[in-house]
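Asker: Have a look at the structure that comes next, please.
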Amino acid sequence: MAQAPARLEGLVVASHGRHCVVESAGGERRICHPRGKKSQAVVGDRVLWQPAAPGQGRGHGDEGTIEKVLERRNLLYRQDEVRTKSFAANLDQVLILIAAEPVFSESQLARALIAAEAARITPLIALNKSDLVEPFARAWERLWPYRHMGGEQDTQHHYRVLPLSLSESGAVDRDMLMHLLAGKTTLVLGPSGAGKSTLVNLLVPGASAQTGEISQALNSGRHTTTTTTLYWIDPQRTTALIDSPGFQEFGLRHLAPTDLARYMPDIAAHAEGCRFYNCTHLHEPGCAVQAQVRDEQDAQAISPQRYRIYGELFAELSESPY
Ligand SMILES: Nc1nc2c(ncn2[C@@H]2O[C@H](COP(=O)(O)OP(=O)(O)OP(=O)(O)O)[C@@H](O)[C@H]2O)c(=O)[nH]1
Ligand SMILES: [Zn+2]
C-alpha cells in the first residue's frame with residue numbers, strides 16, 4: 001500500500017476565492033486548494049498541506065491541498081447582512097492608511113478601528129499626503145480626537161497617528177515605517193486613492209512584479225484586484241506586510257451593539273460611570289458618556305462626531321438581519 005504523503009507546515013501568503021498560495025519553511029510557494037470547508041484558509045494562516053498526487057493537480061504542476069488550518073492567534077474580518085469576509089489572520093498590527101485627499105470617511109476609520117480592537121490587534125493610523133498643505137491641515141485637525149484619545153501626554157495616547165508623504169518624502173517615511181513594522185506582521189487597509197500601492201512599492205521593491213506572478217498563477221492570467229497578498233520586507237522573512245482590498249464596505253455585524261462602547265476607547269473610558277449598569281449611552285438619565293460629549297479639544301471629551309458614529313453603529317447593529 002502506498003504511504004500517505006507527509007503533511008508539511010506552511011504559511012498562506014496569498015488568497016483568491018478558495019485558492020491559496022502556500023509558502024514552505026524553505027520559501028518555496030505553491031498553489032493549494034482546501035480539502036474541505038474546514039480547511040478554508042486566509043492569508044497569514046499557518047497550515048498543514050500535502051503535495052497533490054501525481055496527475056491530480058489542475059495543470060499547474062506544483063499544487064497541493066490544505067489539510068488543516070492551525071490555530072489562529074486572531075482573525076480580522078468584516079461582516080454585512082449577507083456575508084463574512086476575512087481580511088487576514090495572525091496579525092500583530094493593522095495600519096489604516098488614509099490621506100488628506102481624497103477626504104476620508106471618519107465612519108469608515110471608526111469601523112476599522114473597532115474591528116481591530118474587537119480582534120485584539122493593535123491599530124496604527126497613517127495620514128498620507130502631508131505635502132498637500134491645506135487639505136492635510138484640515139484632515140489632521142479632524143483626527144484630533146484620534147491623536148489625543150487616552151490622555152494629553154504622548155505616552156497616554158491610545159492610537160498612534162503618523163503623518164506621511166509617501167510620494168514626496170519616501171525615504172524618510174520608509175525609515176520611520178520600517179522601525180514600526182520590524183519583526184511584525186502588519187495588515188494595510190485603506191480607501192482607494194490614499195496611497196496603498198505607493199506604500200507597498202516603497203517598502204517592498206518589486207512588489208508589483210510579485211503580485212503579477214501570484215495573480216497570474218491564481219487566476220490563470222486574468223488580472224485581479226481582489227487578491228490579498230503577504231509581502232516579506234526583509235530577506236530573513238521576519239517582517240511582513242499584507243495588502244488587502246475591501247476597506248469600503250466595513251460591516252461590523254459580528255459585533256453586538258452593546259459591545260460597541262467597549263471597542264471605542266473614548267466612550268469606554270466613561271461607561272463605568274453611568275447610573276445604569278446596562279446603559280446604552282443613547283438616552284438614559286445619569287449617563288456619564290453623554291455628559292462628556294462636547295466639541296472641545298480635550299482628551300477626556302467625546303467628540304460629537306464620534307458620538308454620532310456610535311449612535312449610527314448601535315442602530316445598524318440592532319437591526320434584525322431578516
Ligand atoms: N500629493 C501626494 N500624492 C500622493 C502621495 N502618495 C501617493 N500619492 C498619489 O495618490 C494617488 C493614489 O496613490 P496610490 O498609491 O495609487 O493609491 P491606492 O490607495 O493604491 O489607490 P487604489 O489603487 O485606487 O487602491 C497617486 O496618484 C499617487 O501618486 C503623497 O504623499 N502626496
Ligand atoms: Zn451611559
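Letters A, B, ... go to the chains of the C-alpha cells in the order shown; residues in each chain start at 1; ligands are counted from 1 in the same order.
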Using DSSP on the backbone coordinates, identify the residues of region 203-310 of chain A assigned to helix (DSSP H, G or I); present them as a PyMOL selection string.
Answerer: chain A and resi 203+207-219+257-263+265-271+290-292+304-310
Asker: Can you check which parts of chain A lie within 12 Å of ligand 1? Per residue, the shortest pair of atoms and distance in Å to one decimal, counting only C-alpha atoms and all ligand atoms, sorted by chain and number, as JSON lines.
Answerer:
```
{"residue": "A:Ile96", "atom": "CA", "partner": "ligand 1", "partner_atom_place_in_ligand_line": "19 (O)", "distance": 10.9}
{"residue": "A:Leu97", "atom": "CA", "partner": "ligand 1", "partner_atom_place_in_ligand_line": "19 (O)", "distance": 8.0}
{"residue": "A:Ile98", "atom": "CA", "partner": "ligand 1", "partner_atom_place_in_ligand_line": "19 (O)", "distance": 8.3}
{"residue": "A:Ala99", "atom": "CA", "partner": "ligand 1", "partner_atom_place_in_ligand_line": "5 (C)", "distance": 8.2}
{"residue": "A:Ala100", "atom": "CA", "partner": "ligand 1", "partner_atom_place_in_ligand_line": "32 (N)", "distance": 8.6}
{"residue": "A:Glu101", "atom": "CA", "partner": "ligand 1", "partner_atom_place_in_ligand_line": "10 (O)", "distance": 8.1}
{"residue": "A:Pro102", "atom": "CA", "partner": "ligand 1", "partner_atom_place_in_ligand_line": "10 (O)", "distance": 8.7}
{"residue": "A:Phe104", "atom": "CA", "partner": "ligand 1", "partner_atom_place_in_ligand_line": "19 (O)", "distance": 11.7}
{"residue": "A:Ala126", "atom": "CA", "partner": "ligand 1", "partner_atom_place_in_ligand_line": "31 (O)", "distance": 11.1}
{"residue": "A:Leu127", "atom": "CA", "partner": "ligand 1", "partner_atom_place_in_ligand_line": "31 (O)", "distance": 9.1}
{"residue": "A:Asn128", "atom": "CA", "partner": "ligand 1", "partner_atom_place_in_ligand_line": "31 (O)", "distance": 5.4}
{"residue": "A:Lys129", "atom": "CA", "partner": "ligand 1", "partner_atom_place_in_ligand_line": "31 (O)", "distance": 3.7}
{"residue": "A:Ser130", "atom": "CA", "partner": "ligand 1", "partner_atom_place_in_ligand_line": "31 (O)", "distance": 6.4}
{"residue": "A:Asp131", "atom": "CA", "partner": "ligand 1", "partner_atom_place_in_ligand_line": "32 (N)", "distance": 5.7}
{"residue": "A:Leu132", "atom": "CA", "partner": "ligand 1", "partner_atom_place_in_ligand_line": "1 (N)", "distance": 5.8}
{"residue": "A:Val133", "atom": "CA", "partner": "ligand 1", "partner_atom_place_in_ligand_line": "1 (N)", "distance": 9.4}
{"residue": "A:Glu134", "atom": "CA", "partner": "ligand 1", "partner_atom_place_in_ligand_line": "1 (N)", "distance": 11.6}
{"residue": "A:Pro135", "atom": "CA", "partner": "ligand 1", "partner_atom_place_in_ligand_line": "1 (N)", "distance": 10.4}
{"residue": "A:Phe136", "atom": "CA", "partner": "ligand 1", "partner_atom_place_in_ligand_line": "32 (N)", "distance": 9.9}
{"residue": "A:Pro163", "atom": "CA", "partner": "ligand 1", "partner_atom_place_in_ligand_line": "31 (O)", "distance": 9.6}
{"residue": "A:Leu164", "atom": "CA", "partner": "ligand 1", "partner_atom_place_in_ligand_line": "31 (O)", "distance": 6.4}
{"residue": "A:Ser165", "atom": "CA", "partner": "ligand 1", "partner_atom_place_in_ligand_line": "31 (O)", "distance": 3.3}
{"residue": "A:Leu166", "atom": "CA", "partner": "ligand 1", "partner_atom_place_in_ligand_line": "31 (O)", "distance": 3.9}
{"residue": "A:Ser167", "atom": "CA", "partner": "ligand 1", "partner_atom_place_in_ligand_line": "31 (O)", "distance": 4.1}
{"residue": "A:Glu168", "atom": "CA", "partner": "ligand 1", "partner_atom_place_in_ligand_line": "31 (O)", "distance": 5.4}
{"residue": "A:Ser169", "atom": "CA", "partner": "ligand 1", "partner_atom_place_in_ligand_line": "31 (O)", "distance": 7.3}
{"residue": "A:Gly170", "atom": "CA", "partner": "ligand 1", "partner_atom_place_in_ligand_line": "31 (O)", "distance": 7.9}
{"residue": "A:Ala171", "atom": "CA", "partner": "ligand 1", "partner_atom_place_in_ligand_line": "31 (O)", "distance": 11.5}
{"residue": "A:Val172", "atom": "CA", "partner": "ligand 1", "partner_atom_place_in_ligand_line": "31 (O)", "distance": 11.6}
{"residue": "A:Asp173", "atom": "CA", "partner": "ligand 1", "partner_atom_place_in_ligand_line": "31 (O)", "distance": 9.6}
{"residue": "A:Arg174", "atom": "CA", "partner": "ligand 1", "partner_atom_place_in_ligand_line": "31 (O)", "distance": 11.9}
{"residue": "A:Val188", "atom": "CA", "partner": "ligand 1", "partner_atom_place_in_ligand_line": "19 (O)", "distance": 10.1}
{"residue": "A:Leu189", "atom": "CA", "partner": "ligand 1", "partner_atom_place_in_ligand_line": "19 (O)", "distance": 8.9}
{"residue": "A:Gly190", "atom": "CA", "partner": "ligand 1", "partner_atom_place_in_ligand_line": "19 (O)", "distance": 6.5}
{"residue": "A:Pro191", "atom": "CA", "partner": "ligand 1", "partner_atom_place_in_ligand_line": "19 (O)", "distance": 6.1}
{"residue": "A:Ser192", "atom": "CA", "partner": "ligand 1", "partner_atom_place_in_ligand_line": "25 (O)", "distance": 3.7}
{"residue": "A:Gly193", "atom": "CA", "partner": "ligand 1", "partner_atom_place_in_ligand_line": "21 (O)", "distance": 3.5}
{"residue": "A:Ala194", "atom": "CA", "partner": "ligand 1", "partner_atom_place_in_ligand_line": "19 (O)", "distance": 4.1}
{"residue": "A:Gly195", "atom": "CA", "partner": "ligand 1", "partner_atom_place_in_ligand_line": "15 (O)", "distance": 3.2}
{"residue": "A:Lys196", "atom": "CA", "partner": "ligand 1", "partner_atom_place_in_ligand_line": "19 (O)", "distance": 3.7}
{"residue": "A:Ser197", "atom": "CA", "partner": "ligand 1", "partner_atom_place_in_ligand_line": "20 (O)", "distance": 3.6}
{"residue": "A:Thr198", "atom": "CA", "partner": "ligand 1", "partner_atom_place_in_ligand_line": "15 (O)", "distance": 3.7}
{"residue": "A:Leu199", "atom": "CA", "partner": "ligand 1", "partner_atom_place_in_ligand_line": "15 (O)", "distance": 6.5}
{"residue": "A:Val200", "atom": "CA", "partner": "ligand 1", "partner_atom_place_in_ligand_line": "15 (O)", "distance": 8.1}
{"residue": "A:Asn201", "atom": "CA", "partner": "ligand 1", "partner_atom_place_in_ligand_line": "15 (O)", "distance": 8.4}
{"residue": "A:Leu202", "atom": "CA", "partner": "ligand 1", "partner_atom_place_in_ligand_line": "15 (O)", "distance": 9.7}
{"residue": "A:Ser208", "atom": "CA", "partner": "ligand 1", "partner_atom_place_in_ligand_line": "20 (O)", "distance": 11.3}
{"residue": "A:Thr225", "atom": "CA", "partner": "ligand 1", "partner_atom_place_in_ligand_line": "25 (O)", "distance": 9.0}
{"residue": "A:Thr226", "atom": "CA", "partner": "ligand 1", "partner_atom_place_in_ligand_line": "25 (O)", "distance": 10.7}
{"residue": "A:Asp243", "atom": "CA", "partner": "ligand 1", "partner_atom_place_in_ligand_line": "20 (O)", "distance": 9.7}
{"residue": "A:Ser244", "atom": "CA", "partner": "ligand 1", "partner_atom_place_in_ligand_line": "25 (O)", "distance": 9.8}
{"residue": "A:Pro245", "atom": "CA", "partner": "ligand 1", "partner_atom_place_in_ligand_line": "25 (O)", "distance": 7.7}
{"residue": "A:Gly246", "atom": "CA", "partner": "ligand 1", "partner_atom_place_in_ligand_line": "25 (O)", "distance": 9.7}
{"residue": "A:Phe247", "atom": "CA", "partner": "ligand 1", "partner_atom_place_in_ligand_line": "25 (O)", "distance": 9.7}
{"residue": "A:Gln248", "atom": "CA", "partner": "ligand 1", "partner_atom_place_in_ligand_line": "25 (O)", "distance": 10.6}
```
Asker: Quick one: residues within 10 Å of ligand 2, with only C-alpha atoms and all ligand atoms, as a ChimeraX atom specification?
Answerer: /A:261,267-268,270-291
Asker: For the residues in that selection, give me N, CA and C atoms as a compact mmCIF listing (two decimals), in the first residue's frame.
Answerer:
```txt
# COMPACT_ATOMS: atom_id res chain seq x y z
N ALA A 261 -19.36 50.04 22.82
CA ALA A 261 -18.72 51.01 23.71
C ALA A 261 -17.35 50.51 24.18
N ILE A 267 -15.28 56.29 24.55
CA ILE A 267 -16.57 56.02 25.19
C ILE A 267 -16.37 55.07 26.37
N ALA A 268 -15.55 54.05 26.16
CA ALA A 268 -15.29 53.07 27.23
C ALA A 268 -14.75 53.75 28.48
N HIS A 270 -15.59 56.32 29.93
CA HIS A 270 -16.60 56.92 30.82
C HIS A 270 -17.74 55.98 31.15
N ALA A 271 -17.85 54.87 30.43
CA ALA A 271 -19.02 54.00 30.54
C ALA A 271 -19.22 53.43 31.95
N GLU A 272 -18.15 53.31 32.70
CA GLU A 272 -18.25 52.78 34.07
C GLU A 272 -19.03 53.72 34.99
N GLY A 273 -19.05 54.99 34.61
CA GLY A 273 -19.66 55.98 35.49
C GLY A 273 -21.16 56.18 35.30
N CYS A 274 -21.79 55.41 34.42
CA CYS A 274 -23.22 55.59 34.15
C CYS A 274 -24.06 55.07 35.32
N ARG A 275 -25.23 55.64 35.51
CA ARG A 275 -26.10 55.23 36.61
C ARG A 275 -26.55 53.77 36.44
N PHE A 276 -26.91 53.40 35.22
CA PHE A 276 -27.39 52.04 34.97
C PHE A 276 -26.26 51.17 34.42
N TYR A 277 -26.13 49.97 34.97
CA TYR A 277 -25.01 49.12 34.53
C TYR A 277 -25.15 48.75 33.06
N ASN A 278 -26.41 48.68 32.58
CA ASN A 278 -26.62 48.30 31.19
C ASN A 278 -26.99 49.51 30.32
N CYS A 279 -26.46 50.66 30.68
CA CYS A 279 -26.73 51.90 29.94
C CYS A 279 -26.30 51.74 28.48
N THR A 280 -27.13 52.16 27.54
CA THR A 280 -26.75 52.11 26.12
C THR A 280 -26.09 53.42 25.70
N HIS A 281 -26.08 54.41 26.59
CA HIS A 281 -25.49 55.73 26.33
C HIS A 281 -26.23 56.47 25.22
N LEU A 282 -27.49 56.12 25.01
CA LEU A 282 -28.24 56.78 23.95
C LEU A 282 -29.24 57.77 24.53
N HIS A 283 -29.92 57.39 25.65
CA HIS A 283 -30.99 58.26 26.15
C HIS A 283 -31.18 58.19 27.66
N GLU A 284 -30.39 57.36 28.34
CA GLU A 284 -30.62 57.15 29.77
C GLU A 284 -30.25 58.38 30.61
N PRO A 285 -30.98 58.60 31.71
CA PRO A 285 -30.55 59.64 32.64
C PRO A 285 -29.30 59.16 33.39
N GLY A 286 -28.49 60.08 33.82
CA GLY A 286 -27.29 59.73 34.59
C GLY A 286 -26.24 59.04 33.74
N CYS A 287 -26.24 59.30 32.44
CA CYS A 287 -25.26 58.65 31.55
C CYS A 287 -23.97 59.47 31.54
N ALA A 288 -22.89 58.84 31.98
CA ALA A 288 -21.60 59.53 32.06
C ALA A 288 -20.98 59.75 30.69
N VAL A 289 -21.41 58.95 29.72
CA VAL A 289 -20.89 59.12 28.35
C VAL A 289 -21.49 60.38 27.73
N GLN A 290 -22.83 60.46 27.76
CA GLN A 290 -23.48 61.64 27.17
C GLN A 290 -22.98 62.94 27.81
N ALA A 291 -22.65 62.86 29.09
CA ALA A 291 -22.18 64.04 29.80
C ALA A 291 -20.84 64.55 29.27
```
Asker: With only C-alpha atoms as the counted atoms, please give the residues lying no more than 12 Å from His157 (chain A), apart from itself and same-chain residues fewer than 4 positions off, as a PDB file with C-alpha atoms, in the first residue's frame.
Answerer:
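As written to disk, around_10.pdb reads:
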```pdb
ATOM      1  CA  LEU A 124      -1.959  52.376  13.649  1.00  0.00           C
ATOM      2  CA  TRP A 144      -7.659  65.455  16.771  1.00  0.00           C
ATOM      3  CA  PRO A 145      -9.761  63.050  18.866  1.00  0.00           C
ATOM      4  CA  TYR A 146      -7.818  60.077  17.483  1.00  0.00           C
ATOM      5  CA  ARG A 147      -4.487  61.766  18.165  1.00  0.00           C
ATOM      6  CA  HIS A 148      -5.360  62.504  21.789  1.00  0.00           C
ATOM      7  CA  MET A 149      -7.621  59.672  22.870  1.00  0.00           C
ATOM      8  CA  GLY A 150      -6.393  58.229  26.156  1.00  0.00           C
ATOM      9  CA  GLY A 151      -4.888  61.386  27.636  1.00  0.00           C
ATOM     10  CA  GLU A 152      -2.945  64.581  26.967  1.00  0.00           C
ATOM     11  CA  GLN A 153       0.523  63.038  27.303  1.00  0.00           C
ATOM     12  CA  VAL A 161      -1.230  58.635  14.260  1.00  0.00           C
ATOM     13  CA  PRO A 265     -11.815  53.779  23.916  1.00  0.00           C
ATOM     14  CA  ASP A 266     -13.109  57.366  24.349  1.00  0.00           C
ATOM     15  CA  ALA A 299      -8.599  64.401  25.622  1.00  0.00           C
ATOM     16  CA  GLN A 300     -11.357  63.380  28.059  1.00  0.00           C
TER      17      GLN A 300
END
```
Asker: Write out as a PyMOL selection string which residues come within 8 Å of Tyr77 (chain A) when counting only C-alpha atoms, dropping same-chain ones fewer than 4 positions away.
Answerer: chain A and resi 84-88+115
Asker: Create the file for the chosen residues now, containing N, CA and C atoms and written as an mmCIF file, in the first residue's frame.
Answerer:
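Result file again-v9.cif:
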```cif
data_model
loop_
_atom_site.group_PDB
_atom_site.id
_atom_site.type_symbol
_atom_site.label_atom_id
_atom_site.label_comp_id
_atom_site.auth_asym_id
_atom_site.auth_seq_id
_atom_site.Cartn_x
_atom_site.Cartn_y
_atom_site.Cartn_z
ATOM 1 N N THR A 84 -19.645 37.060 5.380
ATOM 2 C CA THR A 84 -18.497 37.305 6.244
ATOM 3 C C THR A 84 -17.279 37.251 5.354
ATOM 4 N N LYS A 85 -16.395 38.200 5.516
ATOM 5 C CA LYS A 85 -15.184 38.162 4.718
ATOM 6 C C LYS A 85 -13.980 38.386 5.617
ATOM 7 N N SER A 86 -13.033 37.474 5.508
ATOM 8 C CA SER A 86 -11.842 37.599 6.344
ATOM 9 C C SER A 86 -10.791 38.411 5.621
ATOM 10 N N PHE A 87 -10.142 39.286 6.343
ATOM 11 C CA PHE A 87 -9.012 40.015 5.766
ATOM 12 C C PHE A 87 -7.751 39.158 5.886
ATOM 13 N N ALA A 88 -7.411 38.780 7.102
ATOM 14 C CA ALA A 88 -6.177 38.027 7.324
ATOM 15 C C ALA A 88 -6.146 37.532 8.765
ATOM 16 N N ALA A 115 -13.141 47.146 14.551
ATOM 17 C CA ALA A 115 -12.883 45.753 14.158
ATOM 18 C C ALA A 115 -11.527 45.289 14.686
#
```
Asker: Which residues come within 6 Å of Val94 (chain A), counting only C-alpha atoms, excluding same-chain residues fewer than 2 positions away, as a ChimeraX atom specification?
Answerer: /A:123,186-188
Asker: I need the chosen residues saved as a PDB file, in the first residue's frame, with N, CA and C atoms.
Answerer:
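The new file out.pdb reads:
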```
ATOM      1  N   PRO A 123      -4.085  48.832  16.272  1.00  0.00           N
ATOM      2  CA  PRO A 123      -4.189  49.635  15.060  1.00  0.00           C
ATOM      3  C   PRO A 123      -3.211  50.810  15.051  1.00  0.00           C
ATOM      4  N   THR A 186       1.969  43.085   9.549  1.00  0.00           N
ATOM      5  CA  THR A 186       1.074  44.238   9.545  1.00  0.00           C
ATOM      6  C   THR A 186       0.150  44.196   8.335  1.00  0.00           C
ATOM      7  N   LEU A 187      -1.130  44.321   8.591  1.00  0.00           N
ATOM      8  CA  LEU A 187      -2.106  44.404   7.504  1.00  0.00           C
ATOM      9  C   LEU A 187      -2.327  45.875   7.171  1.00  0.00           C
ATOM     10  N   VAL A 188      -2.269  46.216   5.884  1.00  0.00           N
ATOM     11  CA  VAL A 188      -2.524  47.595   5.464  1.00  0.00           C
ATOM     12  C   VAL A 188      -3.920  47.674   4.876  1.00  0.00           C
TER      13      VAL A 188
END
```
Asker: Restricting the calculation to only C-alpha atoms: of A:Gln50, A:Ser39, A:Thr227, A:Thr239, which residue gets closest to Ala6 (chain A)?
Answerer: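 Smallest separation from Ala6 (chain A) among the options: A:Gln50.
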Asker: Tell me, as a VMD selection string, which residues lie within 10 Å of His19 (chain A), counting only C-alpha atoms; anything in the same chain fewer than 6 positions away does not count.
Answerer: chain A and resid 31 to 34 40 to 42 65 to 66 218 to 219
Asker: What is the distance between CA of Tyr310 (chain A) and CA of Thr155 (chain A), in Å to one decimal?
Answerer: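 According to the coordinates, CA of Tyr310 (chain A) and CA of Thr155 (chain A) are separated by 25.8 Å.
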Asker: Quick one: distance from CA of His16 (chain A) to CA of Thr228 (chain A) in Å, one decimal?
Answerer: 7.0 Å
Asker: Which residue gives the smallest distance to Ala269 (chain A) among A:Leu241, A:Ala110, A:Ala137, A:Ala301, with only C-alpha atoms counted?
Answerer: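 Of A:Leu241, A:Ala110, A:Ala137, A:Ala301, the one nearest Ala269 (chain A), counting only C-alpha atoms, is A:Ala301.
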Asker: Using CA of Met264 (chain A) and CA of Ala315 (chain A) as the two end points, give the distance in Å to one decimal.
Answerer: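 The value is 15.6 Å.
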Asker: At a cut-off of 9 Å, using only C-alpha atoms, what residues contact Glu71 (chain A)? Leave out same-chain residues fewer than 4 positions from it and give the result as a list in words.
Answerer: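 Within the cut-off, the hits are Asp45, Arg46 and Val47 of chain A.
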Asker: Put those residues in a file: C-alpha atoms, as a CSV table (one decimal), in the first residue's frame.
Answerer:
```
chain,number,residue,atom,x,y,z
A,45,ASP,CA,-2.7,31.3,8.4
A,46,ARG,CA,-0.3,28.5,9.3
A,47,VAL,CA,-1.5,25.4,7.6
```
Asker: Could you write out, as an MDAnalysis selection string, all the residues of region 90-211 of chain A that DSSP marks as strand (DSSP E)?
Answerer: chainID A and resid 93:99 122:128 160:163 185:189
Asker: Could you dump the residues just selected with C-alpha atoms as a PDB file, in the first residue's frame?
Answerer:
```pdb
ATOM      1  CA  GLN A  93      -0.875  45.315  13.680  1.00  0.00           C
ATOM      2  CA  VAL A  94      -3.321  46.939  11.303  1.00  0.00           C
ATOM      3  CA  LEU A  95      -2.106  50.068   9.543  1.00  0.00           C
ATOM      4  CA  ILE A  96      -5.052  52.166   8.443  1.00  0.00           C
ATOM      5  CA  LEU A  97      -3.873  54.394   5.626  1.00  0.00           C
ATOM      6  CA  ILE A  98      -5.961  57.470   4.856  1.00  0.00           C
ATOM      7  CA  ALA A  99      -4.978  60.708   3.158  1.00  0.00           C
ATOM      8  CA  THR A 122      -3.079  46.989  17.539  1.00  0.00           C
ATOM      9  CA  PRO A 123      -4.189  49.635  15.060  1.00  0.00           C
ATOM     10  CA  LEU A 124      -1.959  52.376  13.649  1.00  0.00           C
ATOM     11  CA  ILE A 125      -3.401  55.313  11.727  1.00  0.00           C
ATOM     12  CA  ALA A 126      -1.382  56.981   8.968  1.00  0.00           C
ATOM     13  CA  LEU A 127      -2.434  60.194   7.245  1.00  0.00           C
ATOM     14  CA  ASN A 128      -0.737  60.492   3.873  1.00  0.00           C
ATOM     15  CA  ARG A 160      -0.545  56.214  17.102  1.00  0.00           C
ATOM     16  CA  VAL A 161      -1.230  58.635  14.260  1.00  0.00           C
ATOM     17  CA  LEU A 162       1.556  59.128  11.721  1.00  0.00           C
ATOM     18  CA  PRO A 163       1.828  61.925   9.166  1.00  0.00           C
ATOM     19  CA  THR A 185       3.065  41.168  10.513  1.00  0.00           C
ATOM     20  CA  THR A 186       1.074  44.238   9.545  1.00  0.00           C
ATOM     21  CA  LEU A 187      -2.106  44.404   7.504  1.00  0.00           C
ATOM     22  CA  VAL A 188      -2.524  47.595   5.464  1.00  0.00           C
ATOM     23  CA  LEU A 189      -6.067  48.801   4.913  1.00  0.00           C
TER      24      LEU A 189
END
```
Asker: Find, counting only C-alpha atoms, the residue in A:Leu143, A:Ile121, A:Leu180, A:Trp232 that gets nearest to Val103 (chain A).
Answerer: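 The closest residue to Val103 (chain A) is A:Leu143.
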Asker: Here is a test: counting only C-alpha atoms, which residue of A:Gln156, A:Thr238, A:Ser320, A:Ser303 is nearest to Arg142 (chain A)?
Answerer: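 Closest candidate: A:Ser303.
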